[in-house]
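A.B. asks: The structure file run-v4.csv (CSV, C-alpha atoms) is provided below.
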```csv
chain,number,residue,atom,x,y,z
A,1,MET,CA,-48.6,-35.6,57.1
A,2,THR,CA,-51.3,-33.3,58.7
A,3,PRO,CA,-53.2,-35.1,61.5
A,4,GLN,CA,-56.9,-35.4,61.1
A,5,PRO,CA,-59.2,-33.6,63.5
A,6,GLY,CA,-59.7,-35.6,66.6
A,7,SER,CA,-56.8,-37.9,65.8
A,8,PRO,CA,-53.9,-38.0,68.3
A,9,VAL,CA,-50.9,-35.9,67.3
A,10,ASN,CA,-47.9,-38.0,66.2
A,11,LYS,CA,-45.0,-35.7,67.3
A,12,ALA,CA,-42.5,-38.1,65.9
A,13,SER,CA,-44.1,-38.0,62.4
A,14,ILE,CA,-44.2,-34.2,62.4
A,15,LYS,CA,-40.5,-34.1,63.3
A,16,GLU,CA,-39.7,-36.5,60.5
A,17,GLU,CA,-41.7,-34.4,58.0
A,18,ARG,CA,-39.9,-31.3,59.1
A,19,ALA,CA,-36.5,-33.0,58.9
A,20,ALA,CA,-37.4,-34.3,55.4
A,21,LYS,CA,-38.3,-30.7,54.3
A,22,ARG,CA,-35.1,-29.3,55.7
A,23,ALA,CA,-33.1,-32.1,54.1
A,24,LYS,CA,-34.8,-31.3,50.7
A,25,LYS,CA,-34.1,-27.6,51.0
A,26,LEU,CA,-30.5,-28.3,52.0
A,27,GLU,CA,-30.1,-30.6,49.0
A,28,GLU,CA,-31.5,-27.9,46.7
A,29,TYR,CA,-29.2,-25.3,48.2
A,30,HIS,CA,-26.2,-27.5,47.7
A,31,ARG,CA,-27.3,-28.2,44.1
A,32,GLN,CA,-27.6,-24.5,43.4
A,33,GLN,CA,-24.2,-23.9,45.0
A,34,LYS,CA,-22.6,-26.5,42.7
A,35,ARG,CA,-24.4,-25.1,39.7
A,36,GLY,CA,-23.2,-21.6,40.5
A,37,LYS,CA,-19.6,-22.8,41.0
A,38,ARG,CA,-19.7,-24.7,37.7
A,39,ASN,CA,-21.1,-21.6,35.9
A,40,ARG,CA,-18.4,-19.4,37.4
A,41,LEU,CA,-15.7,-21.9,36.4
A,42,ILE,CA,-17.1,-22.0,32.8
A,43,GLY,CA,-17.1,-18.2,32.8
A,44,ILE,CA,-13.5,-18.0,34.0
A,45,ILE,CA,-12.4,-20.6,31.5
A,46,GLY,CA,-14.3,-18.8,28.7
A,47,GLY,CA,-12.8,-15.5,29.6
A,48,ALA,CA,-9.3,-16.9,29.7
A,49,VAL,CA,-9.8,-18.5,26.3
A,50,ALA,CA,-11.1,-15.2,24.9
A,51,ILE,CA,-8.1,-13.3,26.4
A,52,ILE,CA,-5.7,-15.8,25.0
A,53,ALA,CA,-7.4,-15.6,21.6
A,54,ILE,CA,-7.1,-11.8,21.6
A,55,ILE,CA,-3.4,-11.9,22.6
A,56,ALA,CA,-2.8,-14.4,19.8
A,57,LEU,CA,-4.5,-12.1,17.3
A,58,VAL,CA,-2.4,-9.2,18.4
A,59,VAL,CA,0.8,-11.2,18.3
A,60,ALA,CA,-0.1,-12.6,14.9
A,61,ALA,CA,-0.9,-9.1,13.6
A,62,PHE,CA,2.4,-7.8,14.8
A,63,VAL,CA,4.4,-10.7,13.4
A,64,LEU,CA,2.6,-10.8,10.1
A,65,THR,CA,2.4,-7.1,9.4
A,66,PRO,CA,5.1,-6.2,6.8
A,67,LYS,CA,7.9,-4.2,8.3
A,68,ALA,CA,9.5,-1.4,6.5
A,69,ALA,CA,13.1,-2.0,5.3
A,70,ASN,CA,15.8,-0.4,7.4
A,71,TYR,CA,18.7,1.5,5.8
A,72,ALA,CA,21.3,3.6,7.5
A,73,GLY,CA,20.8,6.6,5.2
A,74,GLY,CA,23.1,9.5,4.7
A,75,GLY,CA,25.2,7.9,2.0
A,76,ALA,CA,27.5,10.0,-0.2
A,77,GLY,CA,25.6,9.1,-3.3
A,78,ASP,CA,28.6,7.3,-4.9
A,79,ALA,CA,27.3,5.6,-8.0
A,80,SER,CA,30.4,3.4,-8.4
A,81,THR,CA,29.3,1.3,-5.4
A,82,VAL,CA,26.1,0.1,-7.2
A,83,ASP,CA,26.7,-1.7,-10.5
A,84,GLY,CA,24.7,-0.3,-13.4
A,85,THR,CA,23.9,3.1,-11.8
A,86,GLU,CA,24.0,6.0,-14.2
A,87,THR,CA,24.8,9.5,-13.1
A,88,PHE,CA,23.8,12.9,-14.6
A,89,SER,CA,24.5,16.6,-14.2
A,90,ASN,CA,21.1,18.1,-13.9
A,91,ALA,CA,20.8,21.6,-12.4
A,92,ALA,CA,18.4,22.5,-9.7
A,93,GLY,CA,15.9,25.4,-9.7
A,94,HIS,CA,12.3,26.2,-9.1
A,95,VAL,CA,9.9,26.9,-11.9
A,96,GLU,CA,6.1,27.2,-12.1
A,97,THR,CA,5.8,25.6,-15.6
A,98,ALA,CA,6.0,22.0,-16.9
A,99,VAL,CA,9.5,20.7,-17.5
A,100,THR,CA,10.9,18.5,-20.2
A,101,TYR,CA,13.3,16.2,-18.5
A,102,GLU,CA,16.5,14.6,-19.9
A,103,GLN,CA,15.8,11.3,-18.2
A,104,THR,CA,12.8,9.0,-18.1
A,105,PRO,CA,11.8,8.9,-15.3
A,106,PRO,CA,13.4,12.2,-14.3
A,107,ALA,CA,16.4,12.0,-12.0
A,108,GLY,CA,16.9,15.7,-11.3
A,109,GLY,CA,16.5,19.1,-12.9
A,110,GLU,CA,14.3,22.1,-12.5
A,111,HIS,CA,11.2,21.4,-10.5
A,112,ASN,CA,8.1,22.8,-8.9
A,113,PRO,CA,8.5,24.8,-5.7
A,114,ALA,CA,6.2,22.3,-3.9
A,115,TRP,CA,7.7,18.9,-3.3
A,116,LEU,CA,5.6,15.7,-3.4
A,117,ASN,CA,4.9,14.1,-0.1
A,118,CYS,CA,6.7,10.8,0.1
A,119,GLY,CA,4.6,7.7,0.1
A,120,VAL,CA,3.0,4.9,-2.0
A,121,TYR,CA,1.0,6.1,-5.0
A,122,MET,CA,-1.2,3.8,-7.2
A,123,GLN,CA,-1.4,6.5,-9.9
A,124,ALA,CA,1.3,8.4,-11.8
A,125,VAL,CA,2.6,11.4,-9.9
A,126,PRO,CA,3.6,14.9,-11.3
A,127,ASN,CA,7.3,14.8,-12.3
A,128,GLU,CA,8.0,18.4,-11.3
A,129,ASN,CA,6.9,17.7,-7.7
A,130,ALA,CA,8.6,14.3,-7.4
A,131,VAL,CA,11.9,15.8,-8.6
A,132,HIS,CA,11.7,18.3,-5.8
A,133,SER,CA,11.5,15.4,-3.4
A,134,LEU,CA,14.7,13.9,-4.9
A,135,GLU,CA,16.4,17.2,-4.1
A,136,HIS,CA,15.6,16.5,-0.5
A,137,GLY,CA,17.3,13.1,-0.5
A,138,ALA,CA,14.3,10.9,-1.4
A,139,VAL,CA,14.5,7.9,-3.7
A,140,TRP,CA,11.8,7.7,-6.4
A,141,VAL,CA,10.9,4.1,-7.3
A,142,THR,CA,8.9,3.8,-10.5
A,143,TYR,CA,7.6,0.6,-12.1
A,144,ASP,CA,5.9,-0.4,-15.3
A,145,PRO,CA,2.2,-0.7,-14.6
A,146,SER,CA,2.1,-4.1,-16.2
A,147,ILE,CA,4.3,-5.8,-13.6
A,148,ALA,CA,2.6,-8.6,-11.6
A,149,ASP,CA,1.0,-7.9,-8.3
A,150,ALA,CA,3.4,-10.3,-6.5
A,151,GLU,CA,6.4,-8.5,-8.0
A,152,LEU,CA,5.0,-5.2,-6.8
A,153,GLU,CA,4.5,-6.6,-3.3
A,154,THR,CA,8.1,-7.8,-3.3
A,155,LEU,CA,9.2,-4.3,-4.3
A,156,LYS,CA,7.2,-2.7,-1.6
A,157,ALA,CA,8.8,-4.9,1.0
A,158,GLN,CA,12.2,-3.3,0.2
A,159,LEU,CA,11.0,0.3,0.8
A,160,PRO,CA,12.0,2.3,3.9
A,161,SER,CA,9.2,4.0,5.9
A,162,SER,CA,10.1,7.5,4.8
A,163,TYR,CA,11.9,9.5,2.1
A,164,VAL,CA,10.7,7.2,-0.7
A,165,ILE,CA,8.1,7.6,-3.5
A,166,LEU,CA,6.6,4.6,-5.2
A,167,SER,CA,4.5,5.1,-8.3
A,168,PRO,CA,3.7,3.6,-11.7
A,169,PHE,CA,5.3,5.2,-14.7
A,170,GLU,CA,4.3,4.6,-18.3
A,171,GLY,CA,7.1,4.2,-20.9
A,172,ILE,CA,10.0,3.6,-18.5
A,173,PRO,CA,13.0,1.7,-20.0
A,174,ALA,CA,12.9,-1.2,-17.5
A,175,PRO,CA,10.3,-2.9,-15.4
A,176,ILE,CA,11.6,-1.0,-12.3
A,177,VAL,CA,13.7,2.2,-12.2
A,178,LEU,CA,15.1,3.7,-9.0
A,179,SER,CA,16.0,7.4,-9.2
A,180,GLY,CA,18.0,9.5,-6.7
A,181,TRP,CA,19.2,13.0,-7.3
A,182,ASN,CA,21.3,12.8,-10.5
A,183,ALA,CA,21.5,9.0,-10.3
A,184,GLN,CA,19.4,6.2,-11.7
A,185,LEU,CA,19.3,2.4,-11.7
A,186,GLN,CA,17.3,0.1,-14.0
A,187,VAL,CA,16.4,-3.4,-12.8
A,188,ASP,CA,14.4,-6.2,-14.4
A,189,ASN,CA,12.8,-7.6,-11.2
A,190,ALA,CA,12.1,-6.8,-7.6
A,191,ASN,CA,14.5,-9.5,-6.3
A,192,ASP,CA,17.6,-7.7,-7.7
A,193,PRO,CA,20.0,-7.2,-4.8
A,194,ARG,CA,21.1,-3.9,-6.3
A,195,ILE,CA,17.8,-2.3,-5.1
A,196,ALA,CA,18.9,-2.5,-1.5
A,197,GLU,CA,22.4,-1.3,-2.5
A,198,PHE,CA,20.9,1.7,-4.2
A,199,PHE,CA,18.9,2.6,-1.1
A,200,THR,CA,22.0,2.2,1.0
A,201,GLU,CA,23.9,4.7,-1.1
A,202,PHE,CA,21.3,7.2,-2.2
A,203,TRP,CA,18.5,7.2,0.4
A,204,LYS,CA,18.7,10.4,2.4
A,205,SER,CA,22.0,11.1,0.7
A,206,THR,CA,24.1,14.0,1.8
A,207,ASN,CA,25.0,14.7,-1.8
A,208,VAL,CA,21.8,16.5,-2.8
A,209,PRO,CA,21.0,20.2,-3.1
A,210,GLU,CA,18.7,20.3,0.0
A,211,ASP,CA,20.1,17.7,2.3
A,212,GLY,CA,17.9,17.1,5.3
A,213,ALA,CA,14.8,19.0,4.0
A,214,SER,CA,11.4,17.4,4.6
A,215,CYS,CA,9.6,14.9,2.5
A,216,SER,CA,6.2,15.6,4.0
A,217,GLY,CA,4.0,18.6,4.7
A,218,ALA,CA,3.7,19.7,1.1
A,219,ILE,CA,1.3,18.2,-1.5
A,220,ASP,CA,-0.2,14.8,-2.1
A,221,ALA,CA,-0.9,13.5,-5.7
A,222,PRO,CA,-4.0,11.5,-6.5
A,223,GLY,CA,-3.8,7.8,-5.8
A,224,LYS,CA,-1.8,8.0,-2.6
A,225,VAL,CA,-2.5,4.9,-0.4
A,226,SER,CA,0.2,5.3,2.4
```
Let me see the structure of the file written as structure tokens.

C.D. replies:
Amino acid sequence: MTPQPGSPVNKASIKEERAAKRAKKLEEYHRQQKRGKRNRLIGIIGGAVAIIAIIALVVAAFVLTPKAANYAGGGAGDASTVDGTETFSNAAGHVETAVTYEQTPPAGGEHNPAWLNCGVYMQAVPNENAVHSLEHGAVWVTYDPSIADAELETLKAQLPSSYVILSPFEGIPAPIVLSGWNAQLQVDNANDPRIAEFFTEFWKSTNVPEDGASCSGAIDAPGKVS
């Protein structure tokens, strides 16, 4: 309280006023300090929650991402080990023209000088290029375009990450046909255990004309998705 002119100065009152102001400022300071600590704590907790959420997403993505099937490879291509496998005696050779194949889908024979890059195709691929890939030890998995989406996903889950071609094929004699060089297996559904057996025996087989040759670095056909 400010003393009026001519009034005696009350020193005690001035000290009390100043003390009250200091106490008020100190209280406000402490209030701001607490608010700051609370905000920092909220920020730390929020950041921790965000980090945990990101880690959870990464882990979930890793766990839920379909993994390619794993086969040893390098089999001798012995058809007697896989029940129902047919074998043929197609010759190899490079030609620039279209080829009429003995099997549907083809399982060997003359073929284009350029092989088809292995992968998953959603459209039919050129026979002459795919057969060249078989010559390198790839397995060509063909399916009737009318099979259910769930069946196709089950089939994809059994494919290795390389040296395999997956594509639709009109007019094949079974819902799913697997072809290696001069060997072929027909199955009715994607859960048939012989699919894995065929890959074990014929995937990257040593019993092909060009064992160990690449299945990439040549040409892609339309409809390739991976």

A.B. asks: Rank nothing, just name the residue among A:Gly108, A:Gly93, A:Gly212, A:Gly47 nearest to Tyr163 (chain A), using all atoms listed in the file.

C.D. replies: A:Gly212

A.B. asks: Which residue is closest to Thr154 (chain A)? Choose from A:Cys215, A:Ala190, A:Leu185, A:Ala98 and count all atoms listed in the file.

C.D. replies: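 Answer, going by the shortest atom-to-atom distance: A:Ala190.
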
A.B. asks: Which distance in Å separates CA of Gly75 (chain A) and CA of Thr206 (chain A), to one decimal?

C.D. replies: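 Between CA of Gly75 (chain A) and CA of Thr206 (chain A) the gap is 6.2 Å.
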
A.B. asks: Considering all atoms listed in the file, return as an MDAnalysis selection string whatever protein or nucleic-acid residues lie within 8 Å of Asn129 (chain A), sequence-local ones (same chain, fewer than 2 positions apart) excluded.

C.D. replies: chainID A and resid 111:116 125:127 131:133

A.B. asks: Store the residues of this selection in a file with C-alpha atoms, as a PDB file, in the frame of the given file.

C.D. replies:
```
ATOM      1  CA  HIS A 111      11.200  21.400 -10.500  1.00  0.00           C
ATOM      2  CA  ASN A 112       8.100  22.800  -8.900  1.00  0.00           C
ATOM      3  CA  PRO A 113       8.500  24.800  -5.700  1.00  0.00           C
ATOM      4  CA  ALA A 114       6.200  22.300  -3.900  1.00  0.00           C
ATOM      5  CA  TRP A 115       7.700  18.900  -3.300  1.00  0.00           C
ATOM      6  CA  LEU A 116       5.600  15.700  -3.400  1.00  0.00           C
ATOM      7  CA  VAL A 125       2.600  11.400  -9.900  1.00  0.00           C
ATOM      8  CA  PRO A 126       3.600  14.900 -11.300  1.00  0.00           C
ATOM      9  CA  ASN A 127       7.300  14.800 -12.300  1.00  0.00           C
ATOM     10  CA  VAL A 131      11.900  15.800  -8.600  1.00  0.00           C
ATOM     11  CA  HIS A 132      11.700  18.300  -5.800  1.00  0.00           C
ATOM     12  CA  SER A 133      11.500  15.400  -3.400  1.00  0.00           C
TER      13      SER A 133
END
```

A.B. asks: Find, counting all atoms listed in the file, the residue in A:Thr85, A:Thr100, A:Asn182, A:Ser162 that gets nearest to Leu134 (chain A).

C.D. replies: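 So, comparing all the options, the nearest one is A:Asn182.
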
A.B. asks: Pick out the residues sitting within 9 Å of Lys156 (chain A), and hand them over as a PyMOL selection string; count only C-alpha atoms, and ignore anything fewer than 4 positions along from it in its own chain.

C.D. replies: chain A and resi 68+120+151-152+160+166+190

A.B. asks: Please, what distance in Å, to one decimal, runs between CA of Lys204 (chain A) and CA of Ser167 (chain A)?

C.D. replies: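 Computing the Euclidean distance for CA of Lys204 (chain A) and CA of Ser167 (chain A) yields 18.6 Å.
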